[in-house]
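Before any comments, here is the structure.
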Amino acid sequence: MLLLLASLALQHPPERPPDLAKRAHTYSIVAYDSATGDLGVAVQSKFPNVGGIVPWAQAGIGAIATQSLGNTDYGEQGLELLARGATAPEAMRIVMRGDPRPSQRQVGMVDARGNAASWTGDSCFDWAGGRVGGPVVGGKGQVIVGRTYAAQANIMVSDQTVKNLAAAFERSTGSLADRLMAALVAGQSGGGDKRGMESAALLVVRKNAGYLGSNDRYIDIRVYDDTNPIRELERLYQLHQLYFFTSRPEDLIPITPDVVRRLEPILLREPRNQPGKWLAAPQGVANRTFLEALANFMYWENYDVRVRMDGKIDRVALDDILKRRKS
């Protein structure tokens, strides 16, 4: 009899929900840093371009992750409600009341006062659940609330992914982005998505901290499709720090004759395949001609935010310039 039932089950497997392909089978963490005011989301999924669906954030307002069968209303309306003064748990419940399919949603929210909330609907595929800041955990069908962060996951190997997300975030140090990345890596080490990995994203907002201070998108990195998206996200985060983070005072060093000696051959032979070079003749010292040539070279090579004209150079940029030109 058991063999017959097993045979019938193989011949007639359970039907896949019609919306299965649309669900972002995902784990994420949303968080707030009271020291800097940073708000952010880190996410990974066996789903292409998860960064275009799950993470939402607005400087000084809040951060939101909407996943499982993602509903952008939680991002758009959630941020609008937070901007009008609602707390993260209040905003989540308000949006949920107008959602025709809340049982299929999974959402994490945090506001700029540190209030956090997470929801996992009853129809999310196992393992599915969340954890928020403090000793608060929850499975399906309840809004759980706490402080500073919310971690949530669905279709995981086990609950270890969410446990790892929370533990890594709580014990890590550094910037909010560093802590979110540490949590993401730890989440995967807990088993991650049952089906594997495909995409990942990191979004952090800070007032006027975007490119040249013109917007609030401090960090906005997406891995659309990759066999190891977290590793790729880490690589891209390092590049982002190089090209978009402004110089730290401790990284500024004087352009001594020795520094000129190391950079001048580059300025004399580049741009390659161009008749005119950054420097027409050796200068030997960091005079105005040398500094202008160095600035033009750095703009050409995309070190825009680290360009200076005060006789100093950013050690981070200098090391990268020399490393890329080792023979």
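Each chain in the structure tokens gets a letter, A, B, ..., in the order shown, and its residues are numbered from 1; ligands are numbered from 1 in order too.
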Could you give me, as JSON lines, every segment 217-323 of chain A residue with an atom at most 7 Å from segment 197-212 of chain A, plus its closest atom pair and distance in Å to one decimal, counting only C-alpha atoms, rows ordered by chain then number?
{"residue": "A:Arg217", "atom": "CA", "partner": "A:Gly210", "partner_atom": "CA", "distance": 4.7}
{"residue": "A:Tyr218", "atom": "CA", "partner": "A:Gly210", "partner_atom": "CA", "distance": 4.4}
{"residue": "A:Ile219", "atom": "CA", "partner": "A:Val204", "partner_atom": "CA", "distance": 4.9}
{"residue": "A:Asp220", "atom": "CA", "partner": "A:Leu203", "partner_atom": "CA", "distance": 4.6}
{"residue": "A:Ile221", "atom": "CA", "partner": "A:Leu202", "partner_atom": "CA", "distance": 5.3}
{"residue": "A:Arg222", "atom": "CA", "partner": "A:Ala201", "partner_atom": "CA", "distance": 4.4}
{"residue": "A:Val223", "atom": "CA", "partner": "A:Ala200", "partner_atom": "CA", "distance": 5.2}
{"residue": "A:Tyr224", "atom": "CA", "partner": "A:Ser199", "partner_atom": "CA", "distance": 5.2}
{"residue": "A:Asp225", "atom": "CA", "partner": "A:Ser199", "partner_atom": "CA", "distance": 5.0}
{"residue": "A:Asp226", "atom": "CA", "partner": "A:Glu198", "partner_atom": "CA", "distance": 5.2}
{"residue": "A:Thr227", "atom": "CA", "partner": "A:Glu198", "partner_atom": "CA", "distance": 5.9}
{"residue": "A:Asn228", "atom": "CA", "partner": "A:Met197", "partner_atom": "CA", "distance": 6.5}
{"residue": "A:Pro229", "atom": "CA", "partner": "A:Ser199", "partner_atom": "CA", "distance": 5.2}
{"residue": "A:Ile230", "atom": "CA", "partner": "A:Ala200", "partner_atom": "CA", "distance": 6.3}
{"residue": "A:Leu233", "atom": "CA", "partner": "A:Ala200", "partner_atom": "CA", "distance": 6.7}
{"residue": "A:Phe244", "atom": "CA", "partner": "A:Tyr211", "partner_atom": "CA", "distance": 6.5}
{"residue": "A:Val305", "atom": "CA", "partner": "A:Leu212", "partner_atom": "CA", "distance": 6.7}
Extract, using only C-alpha atoms, all DNA, RNA and protein residues at most 9 Å from segment 123-126 of chain A, discarding same-chain residues fewer than 4 positions from it, and format them as a ChimeraX atom specification.
/A:25,68-69,102-106,140-141,154-158
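Taking atom CA of Ile255 of chain A and atom CA of Lys312 of chain A as the two end points, the separation is 5.2 Å.
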What's the 12 Å shell around Ala150 of chain A, counting only C-alpha atoms, without same-chain residues fewer than 4 positions away, as a PDB file with N, CA and C atoms, in the first residue's frame?
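selection-v5.pdb, written as the output of this step:
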ATOM      1  N   TYR A  27      16.497  35.955   1.723  1.00  0.00           N
ATOM      2  CA  TYR A  27      16.706  36.404   3.100  1.00  0.00           C
ATOM      3  C   TYR A  27      17.271  37.818   3.068  1.00  0.00           C
ATOM      4  N   SER A  28      16.866  38.601   4.066  1.00  0.00           N
ATOM      5  CA  SER A  28      17.246  40.014   4.087  1.00  0.00           C
ATOM      6  C   SER A  28      17.359  40.518   5.513  1.00  0.00           C
ATOM      7  N   ILE A  29      17.998  41.681   5.633  1.00  0.00           N
ATOM      8  CA  ILE A  29      18.061  42.383   6.910  1.00  0.00           C
ATOM      9  C   ILE A  29      17.923  43.879   6.625  1.00  0.00           C
ATOM     10  N   VAL A  30      17.080  44.552   7.401  1.00  0.00           N
ATOM     11  CA  VAL A  30      16.932  46.003   7.339  1.00  0.00           C
ATOM     12  C   VAL A  30      17.414  46.551   8.670  1.00  0.00           C
ATOM     13  N   ALA A  31      18.065  47.720   8.653  1.00  0.00           N
ATOM     14  CA  ALA A  31      18.659  48.186   9.903  1.00  0.00           C
ATOM     15  C   ALA A  31      18.841  49.693   9.926  1.00  0.00           C
ATOM     16  N   TYR A  32      19.008  50.211  11.140  1.00  0.00           N
ATOM     17  CA  TYR A  32      19.214  51.638  11.410  1.00  0.00           C
ATOM     18  C   TYR A  32      20.427  51.800  12.312  1.00  0.00           C
ATOM     19  N   LEU A  39      20.446  54.252   7.170  1.00  0.00           N
ATOM     20  CA  LEU A  39      19.390  53.249   7.074  1.00  0.00           C
ATOM     21  C   LEU A  39      19.716  52.360   5.883  1.00  0.00           C
ATOM     22  N   GLY A  40      19.508  51.043   6.028  1.00  0.00           N
ATOM     23  CA  GLY A  40      19.905  50.201   4.912  1.00  0.00           C
ATOM     24  C   GLY A  40      19.253  48.837   4.879  1.00  0.00           C
ATOM     25  N   VAL A  41      19.485  48.161   3.744  1.00  0.00           N
ATOM     26  CA  VAL A  41      18.959  46.825   3.481  1.00  0.00           C
ATOM     27  C   VAL A  41      20.050  46.008   2.807  1.00  0.00           C
ATOM     28  N   ALA A  42      20.210  44.772   3.231  1.00  0.00           N
ATOM     29  CA  ALA A  42      21.051  43.808   2.524  1.00  0.00           C
ATOM     30  C   ALA A  42      20.197  42.581   2.241  1.00  0.00           C
ATOM     31  N   VAL A  43      20.339  42.016   1.030  1.00  0.00           N
ATOM     32  CA  VAL A  43      19.452  40.930   0.631  1.00  0.00           C
ATOM     33  C   VAL A  43      20.168  39.995  -0.338  1.00  0.00           C
ATOM     34  N   ALA A  63      13.808  52.115   6.239  1.00  0.00           N
ATOM     35  CA  ALA A  63      14.266  51.101   5.284  1.00  0.00           C
ATOM     36  C   ALA A  63      13.291  49.929   5.331  1.00  0.00           C
ATOM     37  N   ILE A  64      13.043  49.328   4.167  1.00  0.00           N
ATOM     38  CA  ILE A  64      12.026  48.284   4.048  1.00  0.00           C
ATOM     39  C   ILE A  64      12.520  47.195   3.111  1.00  0.00           C
ATOM     40  N   ALA A  65      12.217  45.946   3.441  1.00  0.00           N
ATOM     41  CA  ALA A  65      12.430  44.810   2.549  1.00  0.00           C
ATOM     42  C   ALA A  65      11.082  44.134   2.334  1.00  0.00           C
ATOM     43  N   THR A  66      10.669  43.965   1.059  1.00  0.00           N
ATOM     44  CA  THR A  66       9.427  43.274   0.748  1.00  0.00           C
ATOM     45  C   THR A  66       9.741  42.069  -0.131  1.00  0.00           C
ATOM     46  N   ALA A  88       7.515  51.939  12.431  1.00  0.00           N
ATOM     47  CA  ALA A  88       7.612  50.797  11.521  1.00  0.00           C
ATOM     48  C   ALA A  88       6.477  49.794  11.739  1.00  0.00           C
ATOM     49  N   PRO A  89       6.168  49.381  12.999  1.00  0.00           N
ATOM     50  CA  PRO A  89       5.043  48.445  13.170  1.00  0.00           C
ATOM     51  C   PRO A  89       3.711  49.035  12.719  1.00  0.00           C
ATOM     52  N   GLN A 106       6.272  38.625   2.910  1.00  0.00           N
ATOM     53  CA  GLN A 106       7.232  38.698   4.004  1.00  0.00           C
ATOM     54  C   GLN A 106       7.866  40.089   3.941  1.00  0.00           C
ATOM     55  N   VAL A 107       7.873  40.782   5.063  1.00  0.00           N
ATOM     56  CA  VAL A 107       8.284  42.182   5.074  1.00  0.00           C
ATOM     57  C   VAL A 107       9.109  42.474   6.322  1.00  0.00           C
ATOM     58  N   GLY A 108      10.154  43.300   6.147  1.00  0.00           N
ATOM     59  CA  GLY A 108      10.893  43.843   7.278  1.00  0.00           C
ATOM     60  C   GLY A 108      10.914  45.355   7.162  1.00  0.00           C
ATOM     61  N   MET A 109      10.720  46.058   8.266  1.00  0.00           N
ATOM     62  CA  MET A 109      10.735  47.519   8.274  1.00  0.00           C
ATOM     63  C   MET A 109      11.512  48.035   9.478  1.00  0.00           C
ATOM     64  N   VAL A 110      12.173  49.168   9.278  1.00  0.00           N
ATOM     65  CA  VAL A 110      12.798  49.891  10.379  1.00  0.00           C
ATOM     66  C   VAL A 110      12.640  51.375  10.096  1.00  0.00           C
ATOM     67  N   ASP A 111      12.385  52.155  11.142  1.00  0.00           N
ATOM     68  CA  ASP A 111      12.240  53.594  10.935  1.00  0.00           C
ATOM     69  C   ASP A 111      13.446  54.338  11.501  1.00  0.00           C
ATOM     70  N   GLY A 114      14.544  53.915  15.078  1.00  0.00           N
ATOM     71  CA  GLY A 114      15.029  52.614  15.526  1.00  0.00           C
ATOM     72  C   GLY A 114      13.967  51.571  15.752  1.00  0.00           C
ATOM     73  N   ASN A 115      12.685  51.921  15.565  1.00  0.00           N
ATOM     74  CA  ASN A 115      11.625  50.920  15.705  1.00  0.00           C
ATOM     75  C   ASN A 115      11.682  49.946  14.537  1.00  0.00           C
ATOM     76  N   ALA A 116      11.534  48.665  14.812  1.00  0.00           N
ATOM     77  CA  ALA A 116      11.634  47.649  13.761  1.00  0.00           C
ATOM     78  C   ALA A 116      10.473  46.675  13.849  1.00  0.00           C
ATOM     79  N   ALA A 117      10.136  46.092  12.681  1.00  0.00           N
ATOM     80  CA  ALA A 117       9.056  45.116  12.628  1.00  0.00           C
ATOM     81  C   ALA A 117       9.309  44.140  11.495  1.00  0.00           C
ATOM     82  N   SER A 118       8.797  42.930  11.667  1.00  0.00           N
ATOM     83  CA  SER A 118       8.913  41.900  10.629  1.00  0.00           C
ATOM     84  C   SER A 118       7.619  41.104  10.571  1.00  0.00           C
ATOM     85  N   TRP A 119       7.231  40.741   9.362  1.00  0.00           N
ATOM     86  CA  TRP A 119       6.010  39.948   9.147  1.00  0.00           C
ATOM     87  C   TRP A 119       6.317  38.801   8.214  1.00  0.00           C
ATOM     88  N   THR A 120       5.802  37.617   8.536  1.00  0.00           N
ATOM     89  CA  THR A 120       5.885  36.445   7.666  1.00  0.00           C
ATOM     90  C   THR A 120       4.497  35.853   7.534  1.00  0.00           C
ATOM     91  N   GLY A 129      10.440  32.789   8.394  1.00  0.00           N
ATOM     92  CA  GLY A 129      10.236  33.473   9.664  1.00  0.00           C
ATOM     93  C   GLY A 129      11.167  34.652   9.779  1.00  0.00           C
ATOM     94  N   GLY A 130      11.172  35.276  10.937  1.00  0.00           N
ATOM     95  CA  GLY A 130      11.991  36.463  11.114  1.00  0.00           C
ATOM     96  C   GLY A 130      12.446  36.657  12.540  1.00  0.00           C
ATOM     97  N   ARG A 131      13.295  37.661  12.695  1.00  0.00           N
ATOM     98  CA  ARG A 131      13.788  38.043  14.005  1.00  0.00           C
ATOM     99  C   ARG A 131      14.042  39.544  13.995  1.00  0.00           C
ATOM    100  N   VAL A 132      13.752  40.192  15.107  1.00  0.00           N
ATOM    101  CA  VAL A 132      14.019  41.625  15.206  1.00  0.00           C
ATOM    102  C   VAL A 132      14.947  41.896  16.371  1.00  0.00           C
ATOM    103  N   GLY A 133      15.463  43.129  16.468  1.00  0.00           N
ATOM    104  CA  GLY A 133      16.417  43.477  17.501  1.00  0.00           C
ATOM    105  C   GLY A 133      15.887  43.225  18.892  1.00  0.00           C
ATOM    106  N   GLY A 134      16.720  42.638  19.730  1.00  0.00           N
ATOM    107  CA  GLY A 134      16.285  42.212  21.050  1.00  0.00           C
ATOM    108  C   GLY A 134      15.939  40.729  21.016  1.00  0.00           C
ATOM    109  N   PRO A 135      15.537  40.172  22.133  1.00  0.00           N
ATOM    110  CA  PRO A 135      15.256  38.729  22.207  1.00  0.00           C
ATOM    111  C   PRO A 135      13.886  38.381  21.645  1.00  0.00           C
ATOM    112  N   VAL A 136      13.590  38.849  20.440  1.00  0.00           N
ATOM    113  CA  VAL A 136      12.261  38.661  19.874  1.00  0.00           C
ATOM    114  C   VAL A 136      12.374  37.873  18.576  1.00  0.00           C
ATOM    115  N   VAL A 137      11.740  36.725  18.530  1.00  0.00           N
ATOM    116  CA  VAL A 137      11.720  35.911  17.319  1.00  0.00           C
ATOM    117  C   VAL A 137      10.274  35.582  16.997  1.00  0.00           C
ATOM    118  N   GLY A 138      10.016  35.228  15.757  1.00  0.00           N
ATOM    119  CA  GLY A 138       8.655  34.875  15.383  1.00  0.00           C
ATOM    120  C   GLY A 138       8.616  34.076  14.112  1.00  0.00           C
ATOM    121  N   VAL A 143       3.186  39.839  13.404  1.00  0.00           N
ATOM    122  CA  VAL A 143       4.131  40.947  13.301  1.00  0.00           C
ATOM    123  C   VAL A 143       4.970  40.941  14.564  1.00  0.00           C
ATOM    124  N   ILE A 144       6.274  40.827  14.404  1.00  0.00           N
ATOM    125  CA  ILE A 144       7.168  40.878  15.560  1.00  0.00           C
ATOM    126  C   ILE A 144       7.909  42.204  15.531  1.00  0.00           C
ATOM    127  N   VAL A 145       8.108  42.784  16.711  1.00  0.00           N
ATOM    128  CA  VAL A 145       8.680  44.127  16.788  1.00  0.00           C
ATOM    129  C   VAL A 145       9.866  44.154  17.738  1.00  0.00           C
ATOM    130  N   GLY A 146      10.746  45.125  17.521  1.00  0.00           N
ATOM    131  CA  GLY A 146      11.924  45.274  18.359  1.00  0.00           C
ATOM    132  C   GLY A 146      12.634  46.573  18.040  1.00  0.00           C
ATOM    133  N   VAL A 162      18.328  33.013   9.618  1.00  0.00           N
ATOM    134  CA  VAL A 162      17.877  34.204  10.343  1.00  0.00           C
ATOM    135  C   VAL A 162      18.651  34.373  11.643  1.00  0.00           C
ATOM    136  N   LYS A 163      18.912  33.280  12.316  1.00  0.00           N
ATOM    137  CA  LYS A 163      19.707  33.366  13.548  1.00  0.00           C
ATOM    138  C   LYS A 163      21.085  33.942  13.262  1.00  0.00           C
ATOM    139  N   LEU A 165      21.970  35.835  10.647  1.00  0.00           N
ATOM    140  CA  LEU A 165      21.824  37.238  10.266  1.00  0.00           C
ATOM    141  C   LEU A 165      21.818  38.128  11.498  1.00  0.00           C
ATOM    142  N   ALA A 166      20.975  37.775  12.465  1.00  0.00           N
ATOM    143  CA  ALA A 166      20.832  38.587  13.669  1.00  0.00           C
ATOM    144  C   ALA A 166      22.098  38.588  14.509  1.00  0.00           C
ATOM    145  N   ALA A 167      22.675  37.414  14.722  1.00  0.00           N
ATOM    146  CA  ALA A 167      23.861  37.318  15.576  1.00  0.00           C
ATOM    147  C   ALA A 167      25.043  38.073  14.979  1.00  0.00           C
ATOM    148  N   PHE A 169      24.953  40.586  12.831  1.00  0.00           N
ATOM    149  CA  PHE A 169      24.715  42.026  12.865  1.00  0.00           C
ATOM    150  C   PHE A 169      24.954  42.576  14.269  1.00  0.00           C
ATOM    151  N   GLU A 170      24.483  41.868  15.271  1.00  0.00           N
ATOM    152  CA  GLU A 170      24.614  42.347  16.644  1.00  0.00           C
ATOM    153  C   GLU A 170      26.063  42.408  17.120  1.00  0.00           C
ATOM    154  N   LEU A 180      25.898  45.140   7.716  1.00  0.00           N
ATOM    155  CA  LEU A 180      24.920  44.473   6.857  1.00  0.00           C
ATOM    156  C   LEU A 180      25.589  43.400   5.998  1.00  0.00           C
ATOM    157  N   ALA A 183      26.368  40.411   8.105  1.00  0.00           N
ATOM    158  CA  ALA A 183      25.153  39.636   8.349  1.00  0.00           C
ATOM    159  C   ALA A 183      24.781  38.797   7.136  1.00  0.00           C
TER     160      ALA A 183
END
So, counting only C-alpha atoms, which residue among A:Arg231, A:Arg147, A:Arg308, A:Arg171 is closest to Gln188 of chain A?
A:Arg231
Would you please give, as a PyMOL selection string, all residues of segment 100-316 of chain A that DSSP assigns to helix (DSSP H, G or I) based on the backbone?
chain A and resi 102-104+160-171+176-189+211-213+229-244+249-251+257-269+288-300+304-306+315-316
With a distance cut-off of 8 Å and only C-alpha atoms, select the neighbouring residues of Asp314 of chain A, excluding the residue or stretch itself and same-chain residues fewer than 5 positions from it, and output the selection as a list of chain:residue names.
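After dropping sequence-adjacent residues, the list is A:Ser247, A:Asp251, A:Leu252, A:Ile253, A:Arg306.
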Run DSSP on the backbone and grab whatever in segment 46-222 of chain A lands in strand (DSSP E or B); send it over as a ChimeraX atom specification.
/A:55-58,62-68,105-111,115-120,129-132,136-138,142-147,149-153,156,193,199-205,217-222
